[in-house]
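This is data_20.pdb. It holds PDB, C-alpha atoms.
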```
ATOM      1  CA  MET A  17      13.860 -73.627 -51.571
ATOM      2  CA  ARG A  18      16.613 -71.269 -52.703
ATOM      3  CA  THR A  19      15.520 -71.837 -56.265
ATOM      4  CA  LEU A  20      11.915 -70.868 -55.403
ATOM      5  CA  LYS A  21      13.113 -67.725 -53.602
ATOM      6  CA  PHE A  22      15.244 -66.808 -56.596
ATOM      7  CA  LEU A  23      12.354 -67.305 -59.008
ATOM      8  CA  GLY A  24      10.068 -65.228 -56.777
ATOM      9  CA  THR A  25      12.574 -62.397 -56.644
ATOM     10  CA  LEU A  26      13.045 -62.567 -60.414
ATOM     11  CA  LEU A  27       9.277 -62.370 -61.031
ATOM     12  CA  LEU A  28       8.977 -59.413 -58.655
ATOM     13  CA  VAL A  29      11.753 -57.517 -60.450
ATOM     14  CA  ALA A  30      10.219 -58.335 -63.843
ATOM     15  CA  SER A  31       6.778 -57.145 -62.777
ATOM     16  CA  VAL A  32       8.207 -53.884 -61.435
ATOM     17  CA  PHE A  33      10.150 -53.387 -64.662
ATOM     18  CA  VAL A  34       7.087 -54.015 -66.850
ATOM     19  CA  GLY A  35       4.967 -51.756 -64.646
ATOM     20  CA  CYS A  36       7.473 -48.935 -64.917
ATOM     21  CA  ASN A  37       7.600 -49.314 -68.689
ATOM     22  CA  LEU A  38       3.800 -49.266 -68.939
ATOM     23  CA  ASN A  39       3.568 -46.214 -66.715
ATOM     24  CA  SER A  40       6.309 -44.507 -68.713
ATOM     25  CA  LYS A  41       4.535 -45.330 -71.988
ATOM     26  CA  LYS A  42       1.207 -44.127 -70.610
ATOM     27  CA  SER A  43       2.765 -40.872 -69.376
ATOM     28  CA  LYS A  44       4.354 -40.348 -72.761
ATOM     29  CA  GLU A  45       1.011 -40.899 -74.534
ATOM     30  CA  ILE A  46      -0.733 -38.468 -72.168
ATOM     31  CA  LYS A  47       2.028 -35.912 -72.715
ATOM     32  CA  GLU A  48       1.812 -36.301 -76.506
ATOM     33  CA  GLU A  49      -1.978 -36.018 -76.371
ATOM     34  CA  THR A  50      -1.690 -32.843 -74.274
ATOM     35  CA  ILE A  51       0.732 -31.355 -76.775
ATOM     36  CA  GLU A  52      -1.627 -32.181 -79.644
ATOM     37  CA  THR A  53      -4.664 -30.658 -77.977
ATOM     38  CA  ASN A  54      -2.705 -27.473 -77.248
ATOM     39  CA  GLU A  55      -2.270 -26.842 -80.960
ATOM     40  CA  PRO A  56      -4.820 -24.423 -82.522
ATOM     41  CA  ILE A  57      -7.412 -26.119 -84.695
ATOM     42  CA  ALA A  58      -9.203 -24.526 -87.646
ATOM     43  CA  ILE A  59     -12.942 -23.963 -87.305
ATOM     44  CA  THR A  60     -15.349 -24.026 -90.228
ATOM     45  CA  TYR A  61     -17.765 -21.126 -90.612
ATOM     46  CA  LYS A  62     -20.183 -19.435 -93.010
ATOM     47  CA  VAL A  63     -20.137 -15.788 -94.038
ATOM     48  CA  ALA A  64     -23.557 -14.186 -93.511
ATOM     49  CA  SER A  65     -24.696 -11.911 -96.314
ATOM     50  CA  ARG A  66     -27.390  -9.251 -96.708
ATOM     51  CA  TYR A  67     -27.195  -7.801 -93.195
ATOM     52  CA  PHE A  68     -26.337  -4.188 -92.360
ATOM     53  CA  ILE A  69     -25.165  -2.638 -89.117
ATOM     54  CA  LYS A  70     -27.682  -0.186 -87.639
ATOM     55  CA  ASN A  71     -26.879   3.522 -87.530
ATOM     56  CA  ASN A  72     -27.294   3.818 -83.738
ATOM     57  CA  VAL A  73     -24.709   1.119 -82.998
ATOM     58  CA  ASP A  74     -21.449   2.423 -81.535
ATOM     59  CA  LYS A  75     -19.781  -0.875 -80.697
ATOM     60  CA  LEU A  76     -20.336  -4.535 -81.515
ATOM     61  CA  PRO A  77     -19.883  -7.470 -79.156
ATOM     62  CA  SER A  78     -17.488 -10.004 -80.658
ATOM     63  CA  LYS A  79     -19.914 -12.859 -80.028
ATOM     64  CA  ILE A  80     -23.708 -12.881 -80.395
ATOM     65  CA  ASP A  81     -25.586 -16.063 -79.503
ATOM     66  CA  SER A  82     -29.279 -15.108 -79.676
ATOM     67  CA  ARG A  83     -31.557 -13.635 -82.321
ATOM     68  CA  GLU A  84     -32.858 -11.015 -79.909
ATOM     69  CA  GLU A  85     -29.372  -9.697 -79.287
ATOM     70  CA  PHE A  86     -28.443  -9.920 -82.981
ATOM     71  CA  GLU A  87     -31.395  -7.753 -83.991
ATOM     72  CA  LYS A  88     -30.206  -5.017 -81.620
ATOM     73  CA  TYR A  89     -27.206  -4.477 -83.877
ATOM     74  CA  PHE A  90     -28.174  -5.657 -87.370
ATOM     75  CA  GLY A  91     -31.005  -5.264 -89.832
ATOM     76  CA  ALA A  92     -31.833  -7.424 -92.848
ATOM     77  CA  ALA A  93     -31.203  -6.139 -96.372
ATOM     78  CA  ALA A  94     -33.287  -8.386 -98.618
ATOM     79  CA  VAL A  95     -33.238  -7.826-102.370
ATOM     80  CA  MET A  96     -35.199  -9.224-105.300
ATOM     81  CA  GLY A  97     -34.449 -12.756-106.487
ATOM     82  CA  LYS A  98     -34.593 -16.285-105.125
ATOM     83  CA  ASN A  99     -31.278 -15.831-103.307
ATOM     84  CA  GLY A 100     -31.931 -12.260-102.249
ATOM     85  CA  THR A 101     -32.887 -13.115 -98.672
ATOM     86  CA  PRO A 102     -30.334 -12.788 -95.828
ATOM     87  CA  THR A 103     -28.373 -15.871 -94.813
ATOM     88  CA  LEU A 104     -30.385 -17.940 -92.341
ATOM     89  CA  ILE A 105     -28.961 -18.179 -88.810
ATOM     90  CA  ASP A 106     -30.184 -20.938 -86.471
ATOM     91  CA  PHE A 107     -29.385 -19.508 -83.052
ATOM     92  CA  GLU A 108     -30.415 -22.803 -81.442
ATOM     93  CA  LYS A 109     -27.340 -24.403 -82.976
ATOM     94  CA  GLU A 110     -25.224 -21.459 -84.140
ATOM     95  CA  TYR A 111     -23.743 -18.210 -82.898
ATOM     96  CA  VAL A 112     -22.356 -15.179 -84.677
ATOM     97  CA  ILE A 113     -18.992 -13.413 -84.631
ATOM     98  CA  ALA A 114     -19.384  -9.840 -85.850
ATOM     99  CA  VAL A 115     -16.748  -7.169 -86.540
ATOM    100  CA  THR A 116     -16.773  -3.636 -87.888
ATOM    101  CA  VAL A 117     -14.522  -0.588 -88.288
ATOM    102  CA  ASP A 118     -15.148   3.122 -87.966
ATOM    103  CA  ALA A 119     -17.227   4.786 -90.653
ATOM    104  CA  ASN A 120     -15.128   6.359 -93.406
ATOM    105  CA  ASN A 121     -15.362   7.687 -96.950
ATOM    106  CA  LYS A 122     -13.198   4.983 -98.517
ATOM    107  CA  SER A 123     -14.286   1.850-100.306
ATOM    108  CA  THR A 124     -13.471  -0.489 -97.406
ATOM    109  CA  GLU A 125     -14.018  -4.234 -97.306
ATOM    110  CA  LEU A 126     -13.662  -6.705 -94.418
ATOM    111  CA  GLN A 127     -12.683 -10.241 -95.355
ATOM    112  CA  PRO A 128     -12.223 -13.317 -93.125
ATOM    113  CA  VAL A 129      -8.683 -14.667 -92.849
ATOM    114  CA  SER A 130      -8.809 -17.486 -90.280
ATOM    115  CA  LEU A 131     -10.852 -18.842 -87.377
ATOM    116  CA  THR A 132      -9.037 -21.078 -84.895
ATOM    117  CA  LYS A 133      -9.610 -22.564 -81.462
ATOM    118  CA  LYS A 134      -7.023 -23.326 -78.776
ATOM    119  CA  GLY A 135      -8.448 -24.634 -75.534
ATOM    120  CA  GLU A 136     -11.351 -22.355 -74.645
ATOM    121  CA  LYS A 137     -10.042 -19.470 -76.744
ATOM    122  CA  ILE A 138     -11.322 -18.745 -80.251
ATOM    123  CA  ASN A 139      -9.379 -16.310 -82.442
ATOM    124  CA  PHE A 140     -10.833 -14.645 -85.543
ATOM    125  CA  ASP A 141      -8.437 -12.836 -87.880
ATOM    126  CA  PHE A 142      -9.911 -10.627 -90.578
ATOM    127  CA  SER A 143      -8.419  -8.263 -93.109
ATOM    128  CA  VAL A 144      -9.380  -4.614 -93.567
ATOM    129  CA  ILE A 145      -8.873  -3.639 -97.204
ATOM    130  CA  GLU A 146      -9.094   0.049 -97.997
ATOM    131  CA  GLY A 147      -9.783   1.162-101.533
ATOM    132  CA  ASN A 148     -10.263   4.565-103.137
ATOM    133  CA  GLU A 149     -12.115   7.506-101.627
ATOM    134  CA  THR A 150     -15.841   7.799-102.289
ATOM    135  CA  SER A 151     -18.382  10.621-102.183
ATOM    136  CA  TYR A 152     -20.249   8.991 -99.303
ATOM    137  CA  THR A 153     -19.533   7.547 -95.869
ATOM    138  CA  THR A 154     -20.091   3.910 -94.985
ATOM    139  CA  ARG A 155     -19.420   1.638 -92.039
ATOM    140  CA  PRO A 156     -18.525  -1.853 -93.250
ATOM    141  CA  SER A 157     -19.164  -4.926 -91.152
ATOM    142  CA  LEU A 158     -18.519  -8.645 -91.377
ATOM    143  CA  VAL A 159     -20.654 -11.407 -89.865
ATOM    144  CA  ILE A 160     -19.680 -15.083 -89.745
ATOM    145  CA  ILE A 161     -21.781 -17.987 -88.458
ATOM    146  CA  VAL A 162     -20.223 -20.683 -86.247
ATOM    147  CA  SER A 163     -21.615 -23.913 -84.809
ATOM    148  CA  LYS A 164     -22.211 -23.852 -81.044
ATOM    149  CA  GLU A 165     -20.368 -27.176 -80.905
ATOM    150  CA  MET A 166     -17.241 -25.029 -81.291
ATOM    151  CA  ASP A 167     -17.975 -22.583 -78.481
ATOM    152  CA  GLY A 168     -15.453 -20.519 -76.541
ATOM    153  CA  ASN A 169     -14.183 -17.064 -75.631
ATOM    154  CA  VAL A 170     -13.884 -15.042 -78.822
ATOM    155  CA  THR A 171     -11.085 -12.612 -79.679
ATOM    156  CA  THR A 172     -11.071 -10.674 -82.956
ATOM    157  CA  ASN A 173      -7.938  -9.385 -84.654
ATOM    158  CA  PRO A 174      -8.085  -6.893 -87.561
ATOM    159  CA  ILE A 175      -5.248  -7.044 -90.082
ATOM    160  CA  LYS A 176      -4.920  -3.895 -92.164
ATOM    161  CA  ALA A 177      -4.011  -4.729 -95.739
ATOM    162  CA  LYS A 178      -1.949  -2.192 -97.621
ATOM    163  CA  ASN A 179      -3.175  -1.088-101.006
ATOM    164  CA  ASP A 180      -0.437   0.399-103.175
ATOM    165  CA  GLY A 181      -2.891   1.298-105.905
ATOM    166  CA  HIS A 182      -1.924  -1.576-108.222
ATOM    167  CA  ASN A 183      -4.517  -4.300-108.614
ATOM    168  CA  ALA A 184      -6.200  -6.474-111.221
ATOM    169  CA  LYS A 185      -8.763  -3.797-111.984
ATOM    170  CA  ASN A 186      -6.281  -1.103-112.978
ATOM    171  CA  SER A 187      -3.214  -3.139-113.941
ATOM    172  CA  LEU A 188      -4.470  -6.105-115.996
ATOM    173  CA  ASP A 189      -6.051  -6.237-119.435
ATOM    174  CA  TRP A 190      -9.159  -7.932-118.049
ATOM    175  CA  GLU A 191     -11.755  -6.761-120.582
ATOM    176  CA  GLY A 192     -12.698  -9.514-123.029
ATOM    177  CA  GLU A 193     -14.110 -13.024-123.367
ATOM    178  CA  TYR A 194     -13.206 -16.017-121.209
ATOM    179  CA  GLU A 195     -14.145 -19.646-121.725
ATOM    180  CA  GLY A 196     -13.692 -23.089-120.214
ATOM    181  CA  THR A 197     -15.531 -26.094-118.779
ATOM    182  CA  LEU A 198     -16.296 -25.951-115.066
ATOM    183  CA  PRO A 199     -16.789 -29.105-112.940
ATOM    184  CA  CYS A 200     -20.356 -30.357-112.510
ATOM    185  CA  ALA A 201     -21.676 -32.667-109.770
ATOM    186  CA  ASP A 202     -24.245 -34.483-111.922
ATOM    187  CA  CYS A 203     -23.169 -33.906-115.524
ATOM    188  CA  GLU A 204     -20.060 -34.068-117.706
ATOM    189  CA  GLY A 205     -19.216 -30.415-117.096
ATOM    190  CA  ILE A 206     -20.515 -26.891-117.540
ATOM    191  CA  LYS A 207     -19.225 -25.202-120.691
ATOM    192  CA  THR A 208     -18.973 -21.544-119.701
ATOM    193  CA  THR A 209     -18.245 -18.369-121.627
ATOM    194  CA  ILE A 210     -18.120 -14.970-119.892
ATOM    195  CA  LEU A 211     -17.709 -11.656-121.668
ATOM    196  CA  LEU A 212     -16.583  -8.793-119.411
ATOM    197  CA  LYS A 213     -17.059  -5.265-120.736
ATOM    198  CA  ASN A 214     -15.393  -2.070-119.546
ATOM    199  CA  ASN A 215     -18.767  -0.523-118.678
ATOM    200  CA  SER A 216     -19.152  -3.064-115.828
ATOM    201  CA  THR A 217     -21.609  -5.287-117.718
ATOM    202  CA  TYR A 218     -21.218  -8.933-118.681
ATOM    203  CA  VAL A 219     -22.757 -11.665-120.823
ATOM    204  CA  MET A 220     -22.473 -15.261-119.574
ATOM    205  CA  THR A 221     -23.406 -18.323-121.613
ATOM    206  CA  ILE A 222     -23.527 -21.766-119.986
ATOM    207  CA  LYS A 223     -24.341 -25.248-121.254
ATOM    208  CA  TYR A 224     -24.587 -28.401-119.163
ATOM    209  CA  LEU A 225     -22.774 -30.954-121.321
ATOM    210  CA  GLY A 226     -24.870 -33.926-122.306
ATOM    211  CA  GLU A 227     -28.190 -32.237-121.601
ATOM    212  CA  GLY A 228     -30.252 -29.126-122.249
ATOM    213  CA  GLN A 229     -29.757 -25.998-124.308
ATOM    214  CA  GLU A 230     -27.413 -23.082-123.877
ATOM    215  CA  GLU A 231     -28.520 -20.439-121.380
ATOM    216  CA  THR A 232     -27.474 -16.798-121.589
ATOM    217  CA  VAL A 233     -27.484 -14.358-118.673
ATOM    218  CA  GLU A 234     -26.710 -10.641-118.852
ATOM    219  CA  GLY A 235     -26.166  -8.203-116.036
ATOM    220  CA  THR A 236     -23.675  -5.974-114.287
ATOM    221  CA  PHE A 237     -20.660  -6.760-112.140
ATOM    222  CA  GLU A 238     -18.912  -4.970-109.294
ATOM    223  CA  TRP A 239     -15.335  -5.067-108.031
ATOM    224  CA  ASP A 240     -14.368  -5.687-104.417
ATOM    225  CA  ALA A 241     -12.470  -3.017-102.484
ATOM    226  CA  ALA A 242      -9.128  -4.626-103.346
ATOM    227  CA  GLY A 243      -9.838  -4.477-107.103
ATOM    228  CA  THR A 244      -9.194  -8.223-107.422
ATOM    229  CA  VAL A 245     -12.539 -10.033-107.296
ATOM    230  CA  ILE A 246     -15.684  -9.262-109.285
ATOM    231  CA  THR A 247     -19.238 -10.332-108.445
ATOM    232  CA  LEU A 248     -21.700 -10.930-111.260
ATOM    233  CA  ILE A 249     -25.154  -9.517-110.538
ATOM    234  CA  ASP A 250     -28.407 -10.313-112.290
ATOM    235  CA  GLY A 251     -30.936 -10.260-109.423
ATOM    236  CA  ASN A 252     -31.851 -13.937-109.673
ATOM    237  CA  GLU A 253     -28.828 -16.114-109.114
ATOM    238  CA  GLU A 254     -26.606 -16.630-106.074
ATOM    239  CA  ALA A 255     -23.427 -14.584-105.788
ATOM    240  CA  TYR A 256     -21.092 -15.551-108.645
ATOM    241  CA  LYS A 257     -17.604 -14.442-107.710
ATOM    242  CA  LEU A 258     -14.568 -14.436-109.971
ATOM    243  CA  LYS A 259     -10.947 -13.661-109.155
ATOM    244  CA  VAL A 260      -9.224 -11.811-112.008
ATOM    245  CA  VAL A 261      -5.664 -12.974-112.729
ATOM    246  CA  GLU A 262      -3.292 -12.570-115.670
ATOM    247  CA  GLY A 263      -4.989 -14.075-118.741
ATOM    248  CA  ALA A 264      -7.787 -15.818-116.833
ATOM    249  CA  ILE A 265     -10.593 -15.576-114.298
ATOM    250  CA  GLN A 266     -10.972 -18.029-111.428
ATOM    251  CA  LYS A 267     -14.399 -19.163-110.207
ATOM    252  CA  LEU A 268     -14.642 -18.781-106.409
ATOM    253  CA  ASP A 269     -17.129 -20.272-103.973
ATOM    254  CA  ILE A 270     -20.140 -18.314-102.717
ATOM    255  CA  GLU A 271     -18.063 -16.852 -99.854
ATOM    256  CA  GLY A 272     -15.373 -15.608-102.224
ATOM    257  CA  LYS A 273     -12.828 -18.274-101.285
ATOM    258  CA  GLU A 274     -10.634 -20.166-103.720
ATOM    259  CA  ILE A 275     -11.808 -23.718-104.377
ATOM    260  CA  THR A 276      -9.115 -26.216-103.410
ATOM    261  CA  GLY A 277      -8.557 -29.924-103.978
ATOM    262  CA  GLU A 278      -7.863 -32.115-106.986
ATOM    263  CA  LEU A 279     -10.241 -30.162-109.246
ATOM    264  CA  ALA A 280      -8.963 -26.694-108.280
ATOM    265  CA  GLU A 281      -7.274 -26.039-111.650
ATOM    266  CA  LEU A 282     -10.556 -26.709-113.479
ATOM    267  CA  TYR A 283     -12.172 -23.596-111.998
ATOM    268  CA  PHE A 284     -10.206 -21.252-114.307
ATOM    269  CA  LEU A 285     -11.667 -19.763-117.469
ATOM    270  CA  GLN A 286      -8.991 -18.732-119.949
ATOM    271  CA  LYS A 287      -9.074 -15.491-121.925
ATOM    272  CA  LYS A 288      -9.596 -15.941-125.666
TER     273      LYS A 288
END
```
Please render this file's structure as structure tokens.
Amino acid sequence: MRTLKFLGTLLLVASVFVGCNLNSKKSKEIKEETIETNEPIAITYKVASRYFIKNNVDKLPSKIDSREEFEKYFGAAAVMGKNGTPTLIDFEKEYVIAVTVDANNKSTELQPVSLTKKGEKINFDFSVIEGNETSYTTRPSLVIIVSKEMDGNVTTNPIKAKNDGHNAKNSLDWEGEYEGTLPCADCEGIKTTILLKNNSTYVMTIKYLGEGQEETVEGTFEWDAAGTVITLIDGNEEAYKLKVVEGAIQKLDIEGKEITGELAELYFLQKK
């Protein structure tokens, strides 16, 4: 009988001990999960192009989630060419974060820096890059498109970038010919040669290795406000953006961002 009582007591103590350990482990997991979810997470987005802010707009809401509301503030600026139409926005599935600054007579550009979410709060940081004075007044704006699956209360934060006057445009010997082979999704590579001239014109020759003939495109290019990135323009193709660095130019994506990953170094064309 004493033995049975002893065994019963032992089992009771063991079960309490195991239960405490399980509860402690579960509490620890919940605590760790809470800590993880409290960390800001990066949100993917698209930059909308070919929209302009209307002249009668004094202030923009940070978040716009319907086409009707969007058209109160923005107009479309379509141009010739197959990619000359404004970026499509599906307001059934997407919303817009829009920012602007006061009108001024400087070459000013707004560029996205980061978009993060923490809980129900979404924070959008963007840079304000001021260039040289111009003979006209403009009011720059920036529109990004976000999935409604990542909804929340939006806060925007402008970051003014200082421009000391030194940039790729006025400090580097960028005029000349560049060549290299860019990555290709369905071929061996794209042999590319780009000639940049000091009159803001270019000649680009491309050849898809293993197929087809060489193609030559001519047009003009324009610098961004920071004097670092150029955009090739010919009226037919999508935006072709290049970052100018010492002795090379770097192919950027359509939004002007550097391409990362294992193939990142292959997006440079070296100066001849």
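Selection check: the PyMOL selection byres ((chain A and resi 169-174) around 9) on the shown file gives A:Ser78, A:Lys79, A:Ile113, A:Ala114, A:Val115, A:Leu126, A:Glu136, A:Lys137, A:Ile138, A:Asn139, A:Phe140, A:Asp141, A:Phe142, A:Ser143, A:Val144, A:Asp167, A:Gly168, A:Ile175, A:Lys176.
Restricting the calculation to only C-alpha atoms, the smallest distance between A:Gly226 and any of A:Arg66, A:Asp240, A:Asp202, A:Leu212 is found for A:Asp202.
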Between atom CA of A:Tyr256 and atom CA of A:Ile206, distance in Å (one decimal): 14.4 Å
For stretch 163-179 of chain A, I'd like the enclosing box, axis-aligned and padded by 5 Å on every side, reported as AutoDock Vina command-line options with centre and edge lengths in Å to one decimal.
```
--center_x -12.1 --center_y -14.1 --center_z -88.3 --size_x 30.3 --size_y 36.1 --size_z 35.4
```
One decimal, in Å: what's the spacing between atom CA of A:Lys88 and atom CA of A:Leu76? 9.9 Å
Fewer than 4 positions away in the same chain doesn't count, so skip those; otherwise give me all residues within 12 Å of A:Val233, counting all atoms listed in the file, as a list in words.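 Residues meeting the cut-off are Thr208, Thr209, Ile210, Leu211, Thr217, Tyr218, Val219, Met220, Thr221, Ile222, Lys223, Leu248, Ile249, Asp250, Gly251, Asn252, Glu253 and Tyr256 of chain A.
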How would the residues just chosen look if you wrote them out with C-alpha atoms as a PDB file, keeping the file's coordinate frame?
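Contents of selection_29.pdb, as written:
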```pdb
ATOM      1  CA  THR A 208     -18.973 -21.544-119.701  1.00  0.00           C
ATOM      2  CA  THR A 209     -18.245 -18.369-121.627  1.00  0.00           C
ATOM      3  CA  ILE A 210     -18.120 -14.970-119.892  1.00  0.00           C
ATOM      4  CA  LEU A 211     -17.709 -11.656-121.668  1.00  0.00           C
ATOM      5  CA  THR A 217     -21.609  -5.287-117.718  1.00  0.00           C
ATOM      6  CA  TYR A 218     -21.218  -8.933-118.681  1.00  0.00           C
ATOM      7  CA  VAL A 219     -22.757 -11.665-120.823  1.00  0.00           C
ATOM      8  CA  MET A 220     -22.473 -15.261-119.574  1.00  0.00           C
ATOM      9  CA  THR A 221     -23.406 -18.323-121.613  1.00  0.00           C
ATOM     10  CA  ILE A 222     -23.527 -21.766-119.986  1.00  0.00           C
ATOM     11  CA  LYS A 223     -24.341 -25.248-121.254  1.00  0.00           C
ATOM     12  CA  LEU A 248     -21.700 -10.930-111.260  1.00  0.00           C
ATOM     13  CA  ILE A 249     -25.154  -9.517-110.538  1.00  0.00           C
ATOM     14  CA  ASP A 250     -28.407 -10.313-112.290  1.00  0.00           C
ATOM     15  CA  GLY A 251     -30.936 -10.260-109.423  1.00  0.00           C
ATOM     16  CA  ASN A 252     -31.851 -13.937-109.673  1.00  0.00           C
ATOM     17  CA  GLU A 253     -28.828 -16.114-109.114  1.00  0.00           C
ATOM     18  CA  TYR A 256     -21.092 -15.551-108.645  1.00  0.00           C
TER      19      TYR A 256
END
```
In Å to one decimal, how far is atom CA of A:Arg155 from atom CA of A:Asn72? 11.6 Å
Best match for closeness to A:Ala280 among A:Pro199, A:Glu149, A:Ile265, A:Ala92, counting only C-alpha atoms: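 Under the stated criterion, the closest residue is A:Pro199.
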Using the chain letters and numbers from this file, what does the PyMOL selection byres ((chain A and resi 56) around 10) select? Give the answer as a compact mmCIF listing (two decimals) with C-alpha atoms, in the coordinates of the input.
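And here's selection.txt as it stands now:
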```txt
# COMPACT_ATOMS: atom_id res chain seq x y z
CA GLU A 52 -1.63 -32.18 -79.64
CA THR A 53 -4.66 -30.66 -77.98
CA ASN A 54 -2.70 -27.47 -77.25
CA GLU A 55 -2.27 -26.84 -80.96
CA ILE A 57 -7.41 -26.12 -84.70
CA ALA A 58 -9.20 -24.53 -87.65
CA ILE A 59 -12.94 -23.96 -87.30
CA LEU A 131 -10.85 -18.84 -87.38
CA THR A 132 -9.04 -21.08 -84.90
CA LYS A 133 -9.61 -22.56 -81.46
CA LYS A 134 -7.02 -23.33 -78.78
CA GLY A 135 -8.45 -24.63 -75.53
CA LYS A 137 -10.04 -19.47 -76.74
CA ILE A 138 -11.32 -18.74 -80.25
CA ASN A 139 -9.38 -16.31 -82.44
```
